[in-house]
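Step one of this worksheet: look at the structure below.
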Amino acid sequence: MAGALSHIRVLDLSRILAGPWAGQMMADLGADVIKVERPGAGDDTRGWGPPWLKDEQGAETNVAAYYLCANRNKRSITIDITRPEGQQLVRDLAAQSDVVLENFKVGGLAQYGLDYDSLKAVNPRLVYCSITGFGQDGPYAPRAGYDFLIQGLGGLMSLTGRPDDEDGGGPMKVGVALTDILTGLYATNAVLAALAWREKSGEGQYIDLALLDVQVACLANQAMNYLATGQNPRRLGNAHPNIVPYQDFPTADGYMILAIGNDGQFARFCEEAGQPGIAADPRFATNRARVANRGELIPMLKRLTIERSTADWVAALEALAVPCGPINTLADVFADPQVQARGLKVTMPHPVAGSLPLVANPMKLSATPVDYRLPPPMLGEHTDGVLAATLGLDAARIAALRAGGIV
């Protein structure tokens, strides 16, 4: 069954995470994504190890696990875009593509004649998405942008971590490159919107997407908390700024998450904990009161939760429809029956590893489901096939390009 984007070709000039994540998203939806990489080196993340992909004999290869997370369902070709012959190959491919993804510095591709204006001249229907740290204008536009820097500059780290006056207090980044991931998702949405507009207008367009813009946009309720009050939200560790109790609690054998969203759930929790009077106390009877009096309430609840194991609490509270859960390791996550039932790990054949476990795409479409066609490609694995089938180059011409270091 053809994917929803099986009629779309994407020329992916991006590397590292935000751009490749967007490319993989479209590839999973059926698009033909051609990943253009530097000869001999490739995407930077191919070398971001350990850990490394292991071959069928268990020996480490030179492919980092990091690279494998964002490059499924793509074809890899190598082109030296600093050479005129390589630039012409990219222009020829762009002429037959629907989308270009790139994350070079502002103006970085203009010197090669691969910027939007240059490629629009050969393909007016092209949707061209540029991903940068700070966007195409503004005082920071020339700067390089990295996820960690943007988490700090964009305010996320001011909200993440324990308060300064607690042990281990201080700003903390998120455990994955969340800004990159979110930017990849925004990029995918922007490209799909531009393609939908092209269906009506016949025209392509340029997309200017910045990590900083995405990070600020995704501050969500915390941004509105600031805009509504003029007060900077303070770090609360695992607690919620607007809901109490909504955080981690100690148990007899570890920790659990208690995520109480309304007064009825809180009353049921207190009843199960053997302290119904807490929910009747005017200081704690409503969420508004609990937020105001969290300093008194949370220590009281911690003295209760530590009396039972995590599993006992989860079983008891789930039966009462009180949101509660464990804090899982990744081993726990992939062993979880719900994760397994939802098929969130997939295994694909791989030319070096034999079989390769990957995290599944979470989108489940009834008519055009995600199709796992190609494992993350080896560097330049598809160069000959793409140049021959897409550009019509014969074997002699491809051999000459390779001998000259162009591909």
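Quick note on naming: the chains in the structure tokens go A, B, ... in the order shown, residues restart at 1 in each chain, and ligands are numbered from 1 in order of appearance.
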
Near-range 2-11 of chain A list (8 Å; only C-alpha atoms; drop same-chain fewer than 4 positions) as JSON, numbers by chain: {"A": [23, 26, 27, 28, 29, 30, 31, 32, 33, 34, 35, 36, 93, 94, 96, 97, 98, 99, 100, 101, 368, 369, 370, 371]}

Got a sec: who's within 9 Å of range 212-221 of chain A, counting only C-alpha atoms, leaving out chain neighbours fewer than 6 positions off, as a tab-separated table (two decimals) with N, CA, C and O atoms, in the first residue's frame?
chain	number	residue	atom	x	y	z
A	132	THR	N	17.71	26.76	10.88
A	132	THR	CA	18.89	27.37	11.48
A	132	THR	C	18.67	27.53	12.97
A	132	THR	O	17.56	27.28	13.49
A	133	GLY	N	19.71	27.98	13.66
A	133	GLY	CA	19.57	28.19	15.08
A	133	GLY	C	18.68	29.37	15.42
A	133	GLY	O	17.86	29.31	16.35
A	134	PHE	N	18.81	30.46	14.63
A	134	PHE	CA	18.16	31.71	15.01
A	134	PHE	C	17.34	32.35	13.90
A	134	PHE	O	16.83	33.46	14.08
A	135	GLY	N	17.20	31.69	12.76
A	135	GLY	CA	16.41	32.26	11.68
A	135	GLY	C	17.25	33.05	10.70
A	135	GLY	O	18.45	33.26	10.89
A	145	GLY	N	23.63	27.48	15.91
A	145	GLY	CA	22.71	27.11	16.98
A	145	GLY	C	22.74	25.63	17.27
A	145	GLY	O	22.66	24.81	16.34
A	147	ASP	N	21.20	22.53	20.07
A	147	ASP	CA	20.08	22.26	20.97
A	147	ASP	C	20.36	22.70	22.40
A	147	ASP	O	19.54	23.38	23.03
A	150	ILE	N	20.26	26.39	22.82
A	150	ILE	CA	18.91	26.92	22.65
A	150	ILE	C	18.04	26.59	23.86
A	150	ILE	O	17.19	27.39	24.26
A	151	GLN	N	18.23	25.42	24.47
A	151	GLN	CA	17.47	25.11	25.68
A	151	GLN	C	17.76	26.14	26.77
A	151	GLN	O	16.87	26.50	27.56
A	153	LEU	N	19.17	29.42	26.18
A	153	LEU	CA	18.80	30.75	25.70
A	153	LEU	C	17.30	30.91	25.58
A	153	LEU	O	16.74	31.99	25.82
A	154	GLY	N	16.62	29.83	25.21
A	154	GLY	CA	15.17	29.90	24.97
A	154	GLY	C	14.32	29.70	26.20
A	154	GLY	O	13.09	29.62	26.09
A	155	GLY	N	14.93	29.62	27.38
A	155	GLY	CA	14.15	29.59	28.62
A	155	GLY	C	13.83	28.24	29.20
A	155	GLY	O	13.40	28.14	30.36
A	156	LEU	N	14.02	27.15	28.43
A	156	LEU	CA	13.61	25.85	28.94
A	156	LEU	C	14.39	25.45	30.19
A	156	LEU	O	13.82	24.90	31.14
A	178	LEU	N	15.56	17.84	22.81
A	178	LEU	CA	14.14	18.07	22.58
A	178	LEU	C	13.88	19.21	21.60
A	178	LEU	O	12.95	19.15	20.79
A	179	THR	N	14.68	20.27	21.67
A	179	THR	CA	14.47	21.40	20.75
A	179	THR	C	14.68	20.97	19.30
A	179	THR	O	13.93	21.37	18.40
A	180	ASP	N	15.70	20.16	19.07
A	180	ASP	CA	15.92	19.62	17.72
A	180	ASP	C	14.73	18.79	17.27
A	180	ASP	O	14.27	18.90	16.12
A	182	LEU	N	11.59	18.83	18.34
A	182	LEU	CA	10.41	19.68	18.11
A	182	LEU	C	10.56	20.49	16.82
A	182	LEU	O	9.59	20.68	16.07
A	183	THR	N	11.77	20.96	16.53
A	183	THR	CA	11.99	21.69	15.30
A	183	THR	C	11.77	20.79	14.08
A	183	THR	O	11.19	21.21	13.07
A	186	TYR	N	8.01	20.56	13.69
A	186	TYR	CA	7.48	21.80	13.10
A	186	TYR	C	7.85	21.88	11.62
A	186	TYR	O	7.05	22.33	10.78

Please identify the strand (DSSP E) residues within range 122-169 of chain A (assignment by DSSP from backbone atoms) and present them as an mmCIF file with N, CA, C and O atoms, in the first residue's frame.
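Once written, out01.cif looks like this:
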data_model
loop_
_atom_site.group_PDB
_atom_site.id
_atom_site.type_symbol
_atom_site.label_atom_id
_atom_site.label_comp_id
_atom_site.auth_asym_id
_atom_site.auth_seq_id
_atom_site.Cartn_x
_atom_site.Cartn_y
_atom_site.Cartn_z
ATOM 1 N N VAL A 127 9.378 23.377 -2.627
ATOM 2 C CA VAL A 127 9.225 23.797 -1.233
ATOM 3 C C VAL A 127 10.595 23.658 -0.577
ATOM 4 O O VAL A 127 11.140 22.562 -0.509
ATOM 5 N N TYR A 128 11.143 24.757 -0.119
ATOM 6 C CA TYR A 128 12.527 24.812 0.367
ATOM 7 C C TYR A 128 12.503 25.192 1.840
ATOM 8 O O TYR A 128 12.093 26.295 2.200
ATOM 9 N N CYS A 129 12.929 24.280 2.712
ATOM 10 C CA CYS A 129 12.870 24.490 4.163
ATOM 11 C C CYS A 129 14.275 24.653 4.726
ATOM 12 O O CYS A 129 15.082 23.720 4.671
ATOM 13 N N SER A 130 14.567 25.847 5.256
ATOM 14 C CA SER A 130 15.852 26.130 5.887
ATOM 15 C C SER A 130 15.686 26.086 7.407
ATOM 16 O O SER A 130 14.844 26.797 7.965
ATOM 17 N N ILE A 131 16.494 25.265 8.059
ATOM 18 C CA ILE A 131 16.485 25.166 9.512
ATOM 19 C C ILE A 131 17.800 25.734 10.039
ATOM 20 O O ILE A 131 18.878 25.261 9.664
ATOM 21 N N THR A 132 17.707 26.764 10.880
ATOM 22 C CA THR A 132 18.894 27.366 11.475
ATOM 23 C C THR A 132 18.667 27.530 12.971
ATOM 24 O O THR A 132 17.565 27.283 13.485
#

Shell of 12 Å around Gly202 in chain A, only C-alpha atoms, local chain residues under 6 positions omitted, as a list of chain:residue names: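 Result of the neighbour search: A:Asp98, A:Asn123, A:Pro124, A:Arg125, A:Leu126, A:Val127, A:Ala194, A:Leu195, A:Ala196.
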
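By only C-alpha atoms, and with residues fewer than 6 positions from His382 in chain A along its chain excluded, the set lying at most 6 Å from it is Arg75, Ser76 and Ile77 of chain A.
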
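Contact shell of Ile398 in chain A at 9 Å (only C-alpha atoms; same-chain neighbours under 6 positions omitted): A:Thr383, A:Asp384, A:Leu387, A:Ala388, A:Val407.
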
Next, write the just-selected residues to a file, as a PDB file, in the first residue's frame, keeping N, CA, C and O atoms as the atom set.
ATOM      1  N   THR A 383      24.221   5.885  -4.115  1.00  0.00           N
ATOM      2  CA  THR A 383      24.693   6.905  -5.053  1.00  0.00           C
ATOM      3  C   THR A 383      24.505   6.479  -6.507  1.00  0.00           C
ATOM      4  O   THR A 383      23.917   7.208  -7.322  1.00  0.00           O
ATOM      5  N   ASP A 384      25.005   5.315  -6.856  1.00  0.00           N
ATOM      6  CA  ASP A 384      24.930   4.877  -8.247  1.00  0.00           C
ATOM      7  C   ASP A 384      23.485   4.750  -8.713  1.00  0.00           C
ATOM      8  O   ASP A 384      23.136   5.194  -9.824  1.00  0.00           O
ATOM      9  N   LEU A 387      21.808   8.306  -9.156  1.00  0.00           N
ATOM     10  CA  LEU A 387      22.332   9.042 -10.301  1.00  0.00           C
ATOM     11  C   LEU A 387      21.906   8.405 -11.619  1.00  0.00           C
ATOM     12  O   LEU A 387      21.646   9.104 -12.608  1.00  0.00           O
ATOM     13  N   ALA A 388      21.813   7.086 -11.622  1.00  0.00           N
ATOM     14  CA  ALA A 388      21.414   6.401 -12.853  1.00  0.00           C
ATOM     15  C   ALA A 388      19.920   6.526 -13.100  1.00  0.00           C
ATOM     16  O   ALA A 388      19.485   6.939 -14.193  1.00  0.00           O
ATOM     17  N   VAL A 407      31.622  12.385  -6.209  1.00  0.00           N
ATOM     18  CA  VAL A 407      30.646  11.569  -5.475  1.00  0.00           C
ATOM     19  C   VAL A 407      31.386  10.487  -4.700  1.00  0.00           C
ATOM     20  O   VAL A 407      32.553  10.216  -4.943  1.00  0.00           O
TER      21      VAL A 407
END

Helix (DSSP H, G or I) residues, from DSSP on the backbone, in range 68-227 of chain A, as an MDAnalysis selection string: chainID A and resid 68 84:95 110:112 116:122 147:153 156:159 178:201 211:217 220:227

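Residues in contact range of Val314 in chain A, defined as at most 9 Å between only C-alpha atoms, with sequence neighbours fewer than 2 positions away removed, read Met256, Ser309, Thr310, Ala311, Asp312, Ala316, Leu317, Glu318, Ala319, Val322, Pro323, Cys324, Gly325 and Pro326 of chain A.
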
Could those residues be written to a file, using all heavy atoms, as a short mmCIF file (atom, residue, chain, number, x, y, z; two decimals), in the first residue's frame?
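See again.cif below for the written result:
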data_model
loop_
_atom_site.label_atom_id
_atom_site.label_comp_id
_atom_site.auth_asym_id
_atom_site.auth_seq_id
_atom_site.Cartn_x
_atom_site.Cartn_y
_atom_site.Cartn_z
N MET A 256 7.46 7.02 42.55
CA MET A 256 6.33 6.93 41.64
C MET A 256 5.92 8.33 41.24
O MET A 256 6.29 9.33 41.87
CB MET A 256 5.15 6.21 42.30
CG MET A 256 4.49 7.01 43.42
SD MET A 256 2.98 6.21 44.00
CE MET A 256 2.45 7.38 45.28
N SER A 309 5.14 0.03 48.45
CA SER A 309 5.99 -0.08 47.27
C SER A 309 5.33 0.62 46.08
O SER A 309 4.12 0.87 46.07
CB SER A 309 6.23 -1.54 46.91
OG SER A 309 5.04 -2.13 46.41
N THR A 310 6.13 0.91 45.09
CA THR A 310 5.61 1.54 43.88
C THR A 310 4.53 0.68 43.24
O THR A 310 3.46 1.17 42.86
CB THR A 310 6.75 1.78 42.87
OG1 THR A 310 7.70 2.68 43.43
CG2 THR A 310 6.22 2.36 41.57
N ALA A 311 4.80 -0.62 43.13
CA ALA A 311 3.82 -1.52 42.48
C ALA A 311 2.50 -1.54 43.25
O ALA A 311 1.42 -1.56 42.64
CB ALA A 311 4.40 -2.92 42.37
N ASP A 312 2.57 -1.54 44.58
CA ASP A 312 1.34 -1.54 45.38
C ASP A 312 0.54 -0.26 45.16
O ASP A 312 -0.68 -0.30 45.00
CB ASP A 312 1.68 -1.70 46.86
CG ASP A 312 2.13 -3.10 47.23
OD1 ASP A 312 1.93 -4.02 46.40
OD2 ASP A 312 2.70 -3.28 48.33
N ALA A 316 -3.20 -0.06 43.35
CA ALA A 316 -4.33 0.45 44.14
C ALA A 316 -4.93 1.70 43.51
O ALA A 316 -6.16 1.84 43.40
CB ALA A 316 -3.87 0.74 45.56
N LEU A 317 -4.09 2.61 43.08
CA LEU A 317 -4.59 3.87 42.56
C LEU A 317 -5.17 3.74 41.16
O LEU A 317 -6.14 4.43 40.81
CB LEU A 317 -3.48 4.93 42.60
CG LEU A 317 -3.02 5.31 44.01
CD1 LEU A 317 -1.87 6.31 43.94
CD2 LEU A 317 -4.17 5.86 44.84
N GLU A 318 -4.61 2.86 40.34
CA GLU A 318 -5.20 2.64 39.02
C GLU A 318 -6.62 2.11 39.15
O GLU A 318 -7.50 2.45 38.36
CB GLU A 318 -4.34 1.67 38.21
CG GLU A 318 -3.10 2.33 37.60
CD GLU A 318 -2.36 1.39 36.66
OE1 GLU A 318 -2.67 0.18 36.66
OE2 GLU A 318 -1.47 1.88 35.94
N ALA A 319 -6.84 1.26 40.16
CA ALA A 319 -8.18 0.71 40.38
C ALA A 319 -9.18 1.80 40.77
O ALA A 319 -10.39 1.63 40.58
CB ALA A 319 -8.13 -0.36 41.47
N VAL A 322 -7.05 6.96 39.74
CA VAL A 322 -6.18 8.05 40.18
C VAL A 322 -4.87 7.91 39.39
O VAL A 322 -4.17 6.92 39.54
CB VAL A 322 -5.89 7.97 41.69
CG1 VAL A 322 -4.89 9.06 42.10
CG2 VAL A 322 -7.19 8.13 42.48
N PRO A 323 -4.53 8.87 38.55
CA PRO A 323 -3.34 8.73 37.69
C PRO A 323 -2.06 8.56 38.51
O PRO A 323 -1.72 9.41 39.34
CB PRO A 323 -3.32 10.03 36.89
CG PRO A 323 -4.74 10.50 36.90
CD PRO A 323 -5.29 10.11 38.23
N CYS A 324 -1.38 7.47 38.23
CA CYS A 324 -0.19 7.11 39.00
C CYS A 324 0.64 6.17 38.15
O CYS A 324 0.09 5.39 37.36
CB CYS A 324 -0.62 6.42 40.30
SG CYS A 324 0.73 5.78 41.31
N GLY A 325 1.97 6.23 38.28
CA GLY A 325 2.80 5.33 37.49
C GLY A 325 4.23 5.30 37.98
O GLY A 325 4.66 6.15 38.78
N PRO A 326 5.00 4.33 37.49
CA PRO A 326 6.40 4.19 37.88
C PRO A 326 7.28 5.13 37.07
O PRO A 326 6.84 5.76 36.10
CB PRO A 326 6.70 2.74 37.55
CG PRO A 326 5.84 2.47 36.34
CD PRO A 326 4.57 3.26 36.58
#

Atomic distance CA of Gly254 in chain A - CA of Asp336 in chain A, expressed in Å with one decimal: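 Separation of CA of Gly254 in chain A and CA of Asp336 in chain A: 17.9 Å.
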
Long-range neighbours of Arg308 in chain A as a list in words, 12 Å cut-off, only C-alpha atoms, 5 positions minimum in chain: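 The filter keeps Phe249, Pro250, Thr251, Ala252, Asp253, Gly254, Tyr255, Met256, Glu272, Ala273, Lys302, Arg303, Trp313, Val314, Ala315, Ala316 and Leu317 of chain A.
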
Point-to-point distance in Å for CA of Gly47 in chain A and CA of Arg15 in chain A: 12.0 Å

Nearest-residue call for Pro142 in chain A, choices A:Gly108, A:Gly175, A:Gly380, A:Gly343, using only C-alpha atoms: A:Gly108
